Amino acid sequence: MAAPGDAGIVDTLELRGEQVSVEPIYGGGRLNVLLIANPNEIKESGVATARSDYEALVSGEPVIRATFDIYLSENTLAYAKEPCVPADTAATFFLHVIPSDPDALPDARKQHGFDNRDFHFDGRGVIFNGKCMAEVNLPEYDITRIRTGQYVPGEGQVWKAEFPFSPAE
């Protein structure tokens with residue numbers, strides 16, 4: 001919402017038929033700073049970036065094909081799916097990283113033998129044009145295996161994949 005003295009600016013933009021988002025950044029004394037953006041341009045730019053990133057990702061070979069294809073690039077694990085709808089990403093993703101040396105694990109994870117990197121798609125991924133992808137950074141220590149998939153708490157696994165880890169060259 002704009003500061004009281006900014007109504008003229010907002011009205012002018014609305015009268016010109018511009019579809020803009022106006023967000024106050026700072027309001028104090030006689031100085032008011034507003035962020036004015038065209039959400040359609042921002043959305044189009046985001047979709048173009050996502051499309052480009054997705055095409056680059058799937059141009060390679062996945063380390064495993066499952067409900068989501070899984071790609072490995074340096075120390076990043078990426079998930080991709082087409083077709084994809086929001087319901088495909090609703091379940092929690094589990095990611096268990098098994099190190100070569102169990103002593104590399106944080107103390108709280110040593111008894112389990114793996115690092116738990118579970119995540120929700122909303123915080124790591126994007127859905128656009130019937131496609132979706134998410135990325136997760138992997139820990140710096142040497143990894144032997146990775147287990148991943150999705151589950152619904154209290155109901156169980158939706159899908160699961162397990163594979164030996166071999167870093168991309």
# chains A, B, ... in the order shown; residues from 1 in each chain; ligands from 1
>>> residues_around(residues="A:Ala66", least_positions_apart="4", cutoff="8 Å", atoms="only C-alpha atoms", output="list in words")
Ile70, Trp159, Lys160 and Ala161 of chain A
>>> closest_residue(among="A:Ala108, A:Ala80, A:Ala87, A:Val136", to="A:Glu61", atoms="only C-alpha atoms")
A:Ala80
>>> closest_residue(among="A:Ala50, A:Met133, A:Val152, A:Ile143", to="A:Ser100", atoms="only C-alpha atoms")
A:Ile143
>>> closest_residue(among="A:Gly60, A:Pro153, A:Pro86, A:Thr148", to="A:Phe128", atoms="only C-alpha atoms")
A:Pro86
>>> residues_around(residues="A:Val85", least_positions_apart="5", cutoff="9 Å", atoms="only C-alpha atoms", output="number ranges by chain")
A: 127-128, 130-132
>>> write_last_selection(atoms="C-alpha atoms", output="PDB file, in the first residue's frame")
ATOM      1  CA  ILE A 127       6.341 -25.098 -11.975  1.00  0.00           C
ATOM      2  CA  PHE A 128       5.778 -23.545 -15.415  1.00  0.00           C
ATOM      3  CA  GLY A 130       3.384 -28.077 -17.474  1.00  0.00           C
ATOM      4  CA  LYS A 131       6.957 -28.707 -16.339  1.00  0.00           C
ATOM      5  CA  CYS A 132       8.637 -28.547 -12.965  1.00  0.00           C
TER       6      CYS A 132
END
>>> select_by_dssp(residues="stretch 71-166 of chain A", states="strand (DSSP E)", output="compact mmCIF listing (two decimals) with all heavy atoms, in the first residue's frame")
# COMPACT_ATOMS: atom_id res chain seq x y z
N TYR A 71 18.99 -35.38 -11.94
CA TYR A 71 20.22 -34.99 -12.63
C TYR A 71 21.24 -34.55 -11.59
O TYR A 71 20.90 -33.98 -10.57
CB TYR A 71 19.95 -33.82 -13.58
CG TYR A 71 18.99 -34.17 -14.69
CD1 TYR A 71 17.62 -34.13 -14.47
CD2 TYR A 71 19.46 -34.54 -15.94
CE1 TYR A 71 16.73 -34.46 -15.49
CE2 TYR A 71 18.57 -34.87 -16.97
CZ TYR A 71 17.21 -34.82 -16.72
OH TYR A 71 16.33 -35.15 -17.73
N LEU A 72 22.50 -34.82 -11.90
CA LEU A 72 23.59 -34.43 -11.03
C LEU A 72 24.52 -33.51 -11.79
O LEU A 72 24.97 -33.82 -12.88
CB LEU A 72 24.35 -35.68 -10.56
CG LEU A 72 25.55 -35.45 -9.66
CD1 LEU A 72 25.12 -34.81 -8.35
CD2 LEU A 72 26.24 -36.78 -9.39
N SER A 73 24.80 -32.36 -11.20
CA SER A 73 25.72 -31.40 -11.79
C SER A 73 26.57 -30.83 -10.67
O SER A 73 26.05 -30.17 -9.77
CB SER A 73 24.95 -30.28 -12.48
OG SER A 73 25.82 -29.28 -12.91
N THR A 76 25.20 -30.38 -7.07
CA THR A 76 23.77 -30.06 -7.07
C THR A 76 22.98 -31.24 -7.63
O THR A 76 23.33 -31.79 -8.67
CB THR A 76 23.51 -28.81 -7.92
OG1 THR A 76 24.28 -27.73 -7.42
CG2 THR A 76 22.05 -28.43 -7.90
N LEU A 77 21.92 -31.58 -6.94
CA LEU A 77 20.99 -32.60 -7.40
C LEU A 77 19.77 -31.85 -7.91
O LEU A 77 19.24 -30.97 -7.23
CB LEU A 77 20.61 -33.51 -6.24
CG LEU A 77 20.12 -34.90 -6.57
CD1 LEU A 77 21.19 -35.68 -7.33
CD2 LEU A 77 19.77 -35.64 -5.29
N ALA A 78 19.33 -32.16 -9.13
CA ALA A 78 18.17 -31.48 -9.71
C ALA A 78 17.10 -32.50 -10.06
O ALA A 78 17.40 -33.61 -10.52
CB ALA A 78 18.58 -30.69 -10.94
N TYR A 79 15.86 -32.13 -9.83
CA TYR A 79 14.69 -32.95 -10.10
C TYR A 79 13.91 -32.29 -11.23
O TYR A 79 13.69 -31.09 -11.19
CB TYR A 79 13.79 -33.03 -8.86
CG TYR A 79 14.42 -33.64 -7.65
CD1 TYR A 79 15.42 -32.99 -6.93
CD2 TYR A 79 13.99 -34.88 -7.19
CE1 TYR A 79 15.99 -33.56 -5.80
CE2 TYR A 79 14.56 -35.45 -6.06
CZ TYR A 79 15.55 -34.78 -5.37
OH TYR A 79 16.11 -35.35 -4.25
N ALA A 80 13.47 -33.07 -12.22
CA ALA A 80 12.69 -32.52 -13.33
C ALA A 80 11.55 -33.47 -13.67
O ALA A 80 11.70 -34.70 -13.58
CB ALA A 80 13.58 -32.31 -14.54
N LYS A 81 10.42 -32.89 -14.07
CA LYS A 81 9.25 -33.71 -14.43
C LYS A 81 8.44 -33.00 -15.49
O LYS A 81 8.21 -31.79 -15.42
CB LYS A 81 8.39 -33.97 -13.20
CG LYS A 81 7.20 -34.90 -13.44
CD LYS A 81 6.52 -35.20 -12.13
CE LYS A 81 5.37 -36.17 -12.18
NZ LYS A 81 4.77 -36.48 -13.43
N THR A 92 6.10 -34.19 0.47
CA THR A 92 7.45 -33.82 0.89
C THR A 92 8.48 -34.68 0.16
O THR A 92 8.29 -35.87 -0.05
CB THR A 92 7.60 -34.05 2.41
OG1 THR A 92 6.61 -33.27 3.08
CG2 THR A 92 8.97 -33.66 2.91
N PHE A 93 9.56 -34.06 -0.26
CA PHE A 93 10.66 -34.79 -0.88
C PHE A 93 11.62 -35.23 0.21
O PHE A 93 11.93 -34.46 1.11
CB PHE A 93 11.42 -33.89 -1.86
CG PHE A 93 10.69 -33.67 -3.16
CD1 PHE A 93 9.61 -32.81 -3.22
CD2 PHE A 93 11.08 -34.34 -4.31
CE1 PHE A 93 8.94 -32.60 -4.41
CE2 PHE A 93 10.40 -34.15 -5.50
CZ PHE A 93 9.32 -33.27 -5.55
N PHE A 94 12.04 -36.49 0.15
CA PHE A 94 13.08 -36.91 1.08
C PHE A 94 14.38 -37.06 0.30
O PHE A 94 14.38 -37.39 -0.89
CB PHE A 94 12.72 -38.19 1.85
CG PHE A 94 12.62 -39.45 1.05
CD1 PHE A 94 13.74 -40.23 0.82
CD2 PHE A 94 11.40 -39.88 0.56
CE1 PHE A 94 13.65 -41.41 0.09
CE2 PHE A 94 11.30 -41.05 -0.16
CZ PHE A 94 12.43 -41.82 -0.40
N LEU A 95 15.47 -36.74 0.96
CA LEU A 95 16.79 -36.83 0.37
C LEU A 95 17.74 -37.28 1.46
O LEU A 95 17.99 -36.54 2.41
CB LEU A 95 17.22 -35.48 -0.21
CG LEU A 95 18.65 -35.38 -0.75
CD1 LEU A 95 18.93 -36.43 -1.83
CD2 LEU A 95 18.90 -33.98 -1.30
N HIS A 96 18.21 -38.52 1.35
CA HIS A 96 19.13 -39.09 2.31
C HIS A 96 20.48 -39.24 1.64
O HIS A 96 20.62 -39.94 0.63
CB HIS A 96 18.64 -40.44 2.81
CG HIS A 96 17.31 -40.36 3.50
ND1 HIS A 96 16.55 -41.47 3.77
CD2 HIS A 96 16.61 -39.30 3.97
CE1 HIS A 96 15.43 -41.11 4.38
NE2 HIS A 96 15.44 -39.78 4.50
N VAL A 97 21.48 -38.57 2.20
CA VAL A 97 22.83 -38.57 1.65
C VAL A 97 23.69 -39.46 2.54
O VAL A 97 23.84 -39.20 3.74
CB VAL A 97 23.39 -37.13 1.61
CG1 VAL A 97 24.80 -37.12 1.05
CG2 VAL A 97 22.46 -36.23 0.79
N ILE A 98 24.25 -40.53 1.95
CA ILE A 98 25.08 -41.47 2.69
C ILE A 98 26.55 -41.16 2.37
O ILE A 98 26.97 -41.29 1.21
CB ILE A 98 24.72 -42.93 2.33
CG1 ILE A 98 23.27 -43.22 2.72
CG2 ILE A 98 25.64 -43.91 3.05
CD1 ILE A 98 22.33 -43.31 1.59
N PRO A 99 27.32 -40.74 3.39
CA PRO A 99 28.71 -40.36 3.14
C PRO A 99 29.63 -41.57 3.04
O PRO A 99 29.33 -42.65 3.56
CB PRO A 99 29.06 -39.53 4.37
CG PRO A 99 28.24 -40.13 5.46
CD PRO A 99 26.94 -40.55 4.79
N ASP A 115 22.74 -38.28 6.12
CA ASP A 115 22.32 -36.90 6.34
C ASP A 115 20.92 -36.75 5.77
O ASP A 115 20.67 -37.15 4.63
CB ASP A 115 23.30 -35.96 5.64
CG ASP A 115 23.26 -34.55 6.19
OD1 ASP A 115 22.38 -34.24 7.02
OD2 ASP A 115 24.12 -33.74 5.79
N ASN A 116 20.01 -36.21 6.54
CA ASN A 116 18.63 -36.02 6.11
C ASN A 116 18.48 -34.62 5.53
O ASN A 116 18.60 -33.64 6.25
CB ASN A 116 17.69 -36.22 7.30
CG ASN A 116 16.24 -36.17 6.88
OD1 ASN A 116 15.92 -35.88 5.74
ND2 ASN A 116 15.37 -36.47 7.82
N GLY A 125 11.75 -25.19 -5.81
CA GLY A 125 11.42 -25.47 -7.20
C GLY A 125 10.48 -24.49 -7.84
O GLY A 125 10.02 -23.54 -7.23
N VAL A 126 10.20 -24.77 -9.11
CA VAL A 126 9.31 -23.93 -9.91
C VAL A 126 8.49 -24.83 -10.83
O VAL A 126 8.96 -25.86 -11.30
CB VAL A 126 10.14 -22.90 -10.72
CG1 VAL A 126 11.08 -23.57 -11.69
CG2 VAL A 126 9.24 -21.92 -11.44
N ILE A 127 7.23 -24.42 -11.03
CA ILE A 127 6.34 -25.10 -11.98
C ILE A 127 5.99 -24.07 -13.04
O ILE A 127 5.62 -22.93 -12.73
CB ILE A 127 5.04 -25.58 -11.30
CG1 ILE A 127 5.35 -26.56 -10.18
CG2 ILE A 127 4.10 -26.21 -12.33
CD1 ILE A 127 4.13 -26.98 -9.38
N PHE A 128 6.10 -24.45 -14.32
CA PHE A 128 5.78 -23.55 -15.41
C PHE A 128 5.46 -24.37 -16.65
O PHE A 128 6.04 -25.42 -16.89
CB PHE A 128 6.97 -22.61 -15.71
CG PHE A 128 8.16 -23.35 -16.24
CD1 PHE A 128 8.41 -23.39 -17.60
CD2 PHE A 128 8.99 -24.05 -15.39
CE1 PHE A 128 9.48 -24.11 -18.09
CE2 PHE A 128 10.06 -24.76 -15.87
CZ PHE A 128 10.31 -24.79 -17.23
N LYS A 131 5.68 -28.11 -16.71
CA LYS A 131 6.96 -28.71 -16.34
C LYS A 131 7.31 -28.24 -14.94
O LYS A 131 6.85 -27.20 -14.49
CB LYS A 131 8.07 -28.25 -17.30
CG LYS A 131 7.81 -28.59 -18.73
CD LYS A 131 8.82 -27.95 -19.63
CE LYS A 131 8.42 -28.25 -21.07
NZ LYS A 131 9.02 -27.38 -22.03
N CYS A 132 8.16 -29.01 -14.27
CA CYS A 132 8.64 -28.55 -12.97
C CYS A 132 10.07 -29.02 -12.76
O CYS A 132 10.51 -30.00 -13.35
CB CYS A 132 7.74 -29.01 -11.82
SG CYS A 132 7.55 -30.77 -11.67
N MET A 133 10.77 -28.25 -11.94
CA MET A 133 12.14 -28.62 -11.58
C MET A 133 12.47 -28.02 -10.22
O MET A 133 11.90 -27.01 -9.80
CB MET A 133 13.14 -28.15 -12.63
CG MET A 133 13.28 -26.68 -12.73
SD MET A 133 14.51 -26.29 -13.99
CE MET A 133 14.36 -24.51 -13.97
N ALA A 134 13.37 -28.69 -9.52
CA ALA A 134 13.85 -28.24 -8.23
C ALA A 134 15.32 -28.59 -8.12
O ALA A 134 15.78 -29.57 -8.73
CB ALA A 134 13.07 -28.90 -7.10
N GLU A 135 16.06 -27.80 -7.35
CA GLU A 135 17.48 -28.06 -7.15
C GLU A 135 17.81 -28.06 -5.67
O GLU A 135 17.24 -27.29 -4.90
CB GLU A 135 18.34 -26.99 -7.83
CG GLU A 135 18.31 -27.06 -9.33
CD GLU A 135 19.29 -26.09 -9.98
OE1 GLU A 135 19.80 -25.19 -9.28
OE2 GLU A 135 19.54 -26.25 -11.18
N VAL A 136 18.75 -28.94 -5.29
CA VAL A 136 19.21 -29.04 -3.91
C VAL A 136 20.74 -29.13 -3.93
O VAL A 136 21.30 -29.94 -4.68
CB VAL A 136 18.64 -30.29 -3.22
CG1 VAL A 136 19.14 -30.40 -1.79
CG2 VAL A 136 17.12 -30.29 -3.27
N ASN A 137 21.38 -28.31 -3.12
CA ASN A 137 22.84 -28.40 -2.99
C ASN A 137 23.18 -29.59 -2.10
O ASN A 137 22.52 -29.81 -1.08
CB ASN A 137 23.41 -27.11 -2.39
CG ASN A 137 23.31 -25.96 -3.36
OD1 ASN A 137 23.41 -26.14 -4.57
ND2 ASN A 137 23.10 -24.77 -2.84
N ILE A 143 30.44 -38.64 -0.93
CA ILE A 143 29.15 -39.32 -0.84
C ILE A 143 29.25 -40.67 -1.52
O ILE A 143 29.84 -40.80 -2.60
CB ILE A 143 28.05 -38.46 -1.50
CG1 ILE A 143 27.94 -37.11 -0.79
CG2 ILE A 143 26.71 -39.19 -1.51
CD1 ILE A 143 27.08 -36.09 -1.52
N THR A 144 28.64 -41.69 -0.90
CA THR A 144 28.61 -43.04 -1.47
C THR A 144 27.30 -43.30 -2.21
O THR A 144 27.30 -43.81 -3.32
CB THR A 144 28.75 -44.10 -0.35
OG1 THR A 144 29.97 -43.86 0.32
CG2 THR A 144 28.74 -45.50 -0.90
N ARG A 145 26.17 -42.99 -1.57
CA ARG A 145 24.85 -43.28 -2.13
C ARG A 145 23.90 -42.14 -1.83
O ARG A 145 24.09 -41.40 -0.86
CB ARG A 145 24.26 -44.57 -1.56
CG ARG A 145 25.04 -45.83 -1.91
CD ARG A 145 24.30 -47.10 -1.52
NE ARG A 145 23.16 -47.39 -2.36
CZ ARG A 145 23.22 -47.80 -3.63
NH1 ARG A 145 24.37 -47.89 -4.24
NH2 ARG A 145 22.13 -48.09 -4.30
N ILE A 146 22.83 -42.11 -2.62
CA ILE A 146 21.74 -41.15 -2.39
C ILE A 146 20.43 -41.91 -2.49
O ILE A 146 20.22 -42.71 -3.42
CB ILE A 146 21.80 -40.00 -3.42
CG1 ILE A 146 23.03 -39.14 -3.15
CG2 ILE A 146 20.52 -39.16 -3.36
CD1 ILE A 146 23.21 -37.98 -4.09
N ARG A 147 19.56 -41.66 -1.52
CA ARG A 147 18.17 -42.16 -1.55
C ARG A 147 17.28 -40.93 -1.61
O ARG A 147 17.45 -39.99 -0.84
CB ARG A 147 17.83 -42.92 -0.27
CG ARG A 147 18.31 -44.32 -0.20
CD ARG A 147 17.69 -45.07 0.98
NE ARG A 147 17.95 -44.41 2.26
CZ ARG A 147 18.93 -44.75 3.10
NH1 ARG A 147 19.75 -45.73 2.80
NH2 ARG A 147 19.08 -44.12 4.24
N THR A 148 16.31 -40.96 -2.50
CA THR A 148 15.41 -39.82 -2.62
C THR A 148 14.03 -40.28 -3.07
O THR A 148 13.86 -41.43 -3.48
CB THR A 148 15.98 -38.75 -3.57
OG1 THR A 148 15.21 -37.55 -3.46
CG2 THR A 148 16.03 -39.23 -5.00
N GLY A 149 13.08 -39.41 -2.99
CA GLY A 149 11.72 -39.70 -3.39
C GLY A 149 10.77 -38.71 -2.72
O GLY A 149 11.19 -37.63 -2.32
N GLN A 150 9.53 -39.11 -2.60
CA GLN A 150 8.53 -38.28 -1.93
C GLN A 150 7.73 -39.14 -0.98
O GLN A 150 7.57 -40.35 -1.19
CB GLN A 150 7.57 -37.66 -2.95
CG GLN A 150 8.13 -36.50 -3.71
CD GLN A 150 7.11 -35.99 -4.71
OE1 GLN A 150 6.98 -36.56 -5.78
NE2 GLN A 150 6.41 -34.91 -4.35
N TYR A 151 7.23 -38.49 0.07
CA TYR A 151 6.37 -39.18 1.03
C TYR A 151 5.33 -38.21 1.58
O TYR A 151 5.50 -36.99 1.54
CB TYR A 151 7.19 -39.79 2.16
CG TYR A 151 7.75 -38.77 3.14
CD1 TYR A 151 7.09 -38.50 4.34
CD2 TYR A 151 8.92 -38.08 2.86
CE1 TYR A 151 7.60 -37.56 5.23
CE2 TYR A 151 9.42 -37.15 3.75
CZ TYR A 151 8.76 -36.89 4.93
OH TYR A 151 9.25 -35.95 5.81
N VAL A 152 4.27 -38.79 2.08
CA VAL A 152 3.24 -38.03 2.77
C VAL A 152 3.30 -38.46 4.22
O VAL A 152 3.13 -39.65 4.53
CB VAL A 152 1.84 -38.31 2.18
CG1 VAL A 152 0.76 -37.60 2.98
CG2 VAL A 152 1.79 -37.92 0.70
N GLY A 156 2.98 -42.54 4.05
CA GLY A 156 4.05 -43.35 3.47
C GLY A 156 4.63 -42.75 2.21
O GLY A 156 4.34 -41.62 1.82
N GLN A 157 5.45 -43.58 1.54
CA GLN A 157 6.17 -43.14 0.35
C GLN A 157 5.25 -43.06 -0.86
O GLN A 157 4.38 -43.90 -1.05
CB GLN A 157 7.30 -44.10 0.04
CG GLN A 157 8.44 -44.02 1.02
CD GLN A 157 9.58 -44.96 0.65
OE1 GLN A 157 9.48 -45.75 -0.27
NE2 GLN A 157 10.66 -44.87 1.40
N VAL A 158 5.53 -42.07 -1.68
CA VAL A 158 4.85 -41.92 -2.97
C VAL A 158 5.71 -42.58 -4.04
O VAL A 158 5.21 -43.31 -4.87
CB VAL A 158 4.62 -40.42 -3.28
CG1 VAL A 158 4.00 -40.23 -4.65
CG2 VAL A 158 3.76 -39.76 -2.20
N TRP A 159 7.00 -42.32 -4.00
CA TRP A 159 7.98 -42.96 -4.88
C TRP A 159 9.35 -42.89 -4.22
O TRP A 159 9.57 -42.08 -3.34
CB TRP A 159 8.00 -42.34 -6.28
CG TRP A 159 8.46 -40.90 -6.33
CD1 TRP A 159 7.68 -39.80 -6.16
CD2 TRP A 159 9.79 -40.43 -6.57
NE1 TRP A 159 8.44 -38.66 -6.27
CE2 TRP A 159 9.75 -39.01 -6.53
CE3 TRP A 159 11.01 -41.05 -6.82
CZ2 TRP A 159 10.87 -38.22 -6.72
CZ3 TRP A 159 12.14 -40.25 -7.01
CH2 TRP A 159 12.05 -38.85 -6.97
N LYS A 160 10.25 -43.77 -4.70
CA LYS A 160 11.58 -43.83 -4.11
C LYS A 160 12.59 -44.21 -5.19
O LYS A 160 12.29 -45.00 -6.08
CB LYS A 160 11.63 -44.86 -2.99
CG LYS A 160 13.00 -45.04 -2.37
CD LYS A 160 12.99 -46.15 -1.32
CE LYS A 160 14.37 -46.34 -0.74
NZ LYS A 160 14.41 -47.39 0.27
N ALA A 161 13.79 -43.63 -5.09
CA ALA A 161 14.90 -44.00 -5.97
C ALA A 161 16.16 -44.01 -5.14
O ALA A 161 16.31 -43.22 -4.21
CB ALA A 161 15.03 -42.99 -7.11
N GLU A 162 17.05 -44.94 -5.44
CA GLU A 162 18.33 -45.02 -4.75
C GLU A 162 19.40 -45.29 -5.79
O GLU A 162 19.19 -46.09 -6.71
CB GLU A 162 18.31 -46.12 -3.69
CG GLU A 162 19.57 -46.16 -2.86
CD GLU A 162 19.44 -47.05 -1.63
OE1 GLU A 162 18.31 -47.45 -1.29
OE2 GLU A 162 20.48 -47.34 -1.02
N PHE A 163 20.53 -44.61 -5.66
CA PHE A 163 21.58 -44.79 -6.65
C PHE A 163 22.94 -44.49 -6.04
O PHE A 163 23.06 -43.70 -5.09
CB PHE A 163 21.34 -43.92 -7.89
CG PHE A 163 21.14 -42.47 -7.59
CD1 PHE A 163 22.18 -41.56 -7.65
CD2 PHE A 163 19.88 -41.99 -7.25
CE1 PHE A 163 21.99 -40.22 -7.39
CE2 PHE A 163 19.68 -40.65 -6.99
CZ PHE A 163 20.73 -39.75 -7.04
N PRO A 164 23.99 -45.13 -6.60
CA PRO A 164 25.34 -44.82 -6.14
C PRO A 164 25.71 -43.42 -6.62
O PRO A 164 25.27 -42.98 -7.69
CB PRO A 164 26.22 -45.87 -6.80
CG PRO A 164 25.41 -46.40 -7.93
CD PRO A 164 23.96 -46.16 -7.60
>>> atom_distance(atom1="atom CA of A:Asp107", atom2="atom CA of A:Phe165")
22.3 Å
>>> atom_distance(atom1="atom CA of A:Phe119", atom2="atom CA of A:Arg51")
22.5 Å
>>> atom_distance(atom1="atom CA of A:Leu105", atom2="atom CA of A:Tyr141")
8.5 Å
>>> residues_around(residues="A:Asn129", least_positions_apart="4", cutoff="9 Å", atoms="only C-alpha atoms", output="PyMOL selection string")
chain A and resi 47+51+83-84
>>> decode(residues="stretch 79-91 of chain A", atoms="N, CA and C atoms", output="PDB file, in the first residue's frame")
ATOM      1  N   TYR A  79      15.857 -32.127  -9.828  1.00  0.00           N
ATOM      2  CA  TYR A  79      14.692 -32.955 -10.097  1.00  0.00           C
ATOM      3  C   TYR A  79      13.912 -32.291 -11.227  1.00  0.00           C
ATOM      4  N   ALA A  80      13.466 -33.075 -12.222  1.00  0.00           N
ATOM      5  CA  ALA A  80      12.690 -32.523 -13.329  1.00  0.00           C
ATOM      6  C   ALA A  80      11.549 -33.474 -13.668  1.00  0.00           C
ATOM      7  N   LYS A  81      10.416 -32.892 -14.070  1.00  0.00           N
ATOM      8  CA  LYS A  81       9.253 -33.712 -14.429  1.00  0.00           C
ATOM      9  C   LYS A  81       8.439 -32.995 -15.491  1.00  0.00           C
ATOM     10  N   GLU A  82       8.004 -33.778 -16.489  1.00  0.00           N
ATOM     11  CA  GLU A  82       7.084 -33.282 -17.505  1.00  0.00           C
ATOM     12  C   GLU A  82       6.239 -34.442 -17.968  1.00  0.00           C
ATOM     13  N   PRO A  83       4.930 -34.359 -17.960  1.00  0.00           N
ATOM     14  CA  PRO A  83       4.123 -33.244 -17.487  1.00  0.00           C
ATOM     15  C   PRO A  83       4.144 -33.157 -15.954  1.00  0.00           C
ATOM     16  N   CYS A  84       3.861 -31.957 -15.477  1.00  0.00           N
ATOM     17  CA  CYS A  84       3.867 -31.723 -14.039  1.00  0.00           C
ATOM     18  C   CYS A  84       2.768 -30.741 -13.675  1.00  0.00           C
ATOM     19  N   VAL A  85       2.060 -31.056 -12.610  1.00  0.00           N
ATOM     20  CA  VAL A  85       1.018 -30.173 -12.067  1.00  0.00           C
ATOM     21  C   VAL A  85       1.312 -29.978 -10.585  1.00  0.00           C
ATOM     22  N   PRO A  86       0.753 -28.954  -9.973  1.00  0.00           N
ATOM     23  CA  PRO A  86       1.033 -28.698  -8.556  1.00  0.00           C
ATOM     24  C   PRO A  86       0.852 -29.921  -7.649  1.00  0.00           C
ATOM     25  N   ALA A  87      -0.098 -30.789  -7.922  1.00  0.00           N
ATOM     26  CA  ALA A  87      -0.315 -31.977  -7.083  1.00  0.00           C
ATOM     27  C   ALA A  87       0.916 -32.894  -7.090  1.00  0.00           C
ATOM     28  N   ASP A  88       1.683 -32.879  -8.182  1.00  0.00           N
ATOM     29  CA  ASP A  88       2.893 -33.713  -8.261  1.00  0.00           C
ATOM     30  C   ASP A  88       3.962 -33.275  -7.277  1.00  0.00           C
ATOM     31  N   THR A  89       3.904 -32.028  -6.847  1.00  0.00           N
ATOM     32  CA  THR A  89       4.944 -31.485  -5.971  1.00  0.00           C
ATOM     33  C   THR A  89       4.471 -31.302  -4.536  1.00  0.00           C
ATOM     34  N   ALA A  90       3.248 -31.711  -4.237  1.00  0.00           N
ATOM     35  CA  ALA A  90       2.678 -31.471  -2.901  1.00  0.00           C
ATOM     36  C   ALA A  90       3.328 -32.319  -1.805  1.00  0.00           C
ATOM     37  N   ALA A  91       3.649 -33.559  -2.094  1.00  0.00           N
ATOM     38  CA  ALA A  91       4.252 -34.432  -1.079  1.00  0.00           C
ATOM     39  C   ALA A  91       5.673 -33.973  -0.767  1.00  0.00           C
TER      40      ALA A  91
END
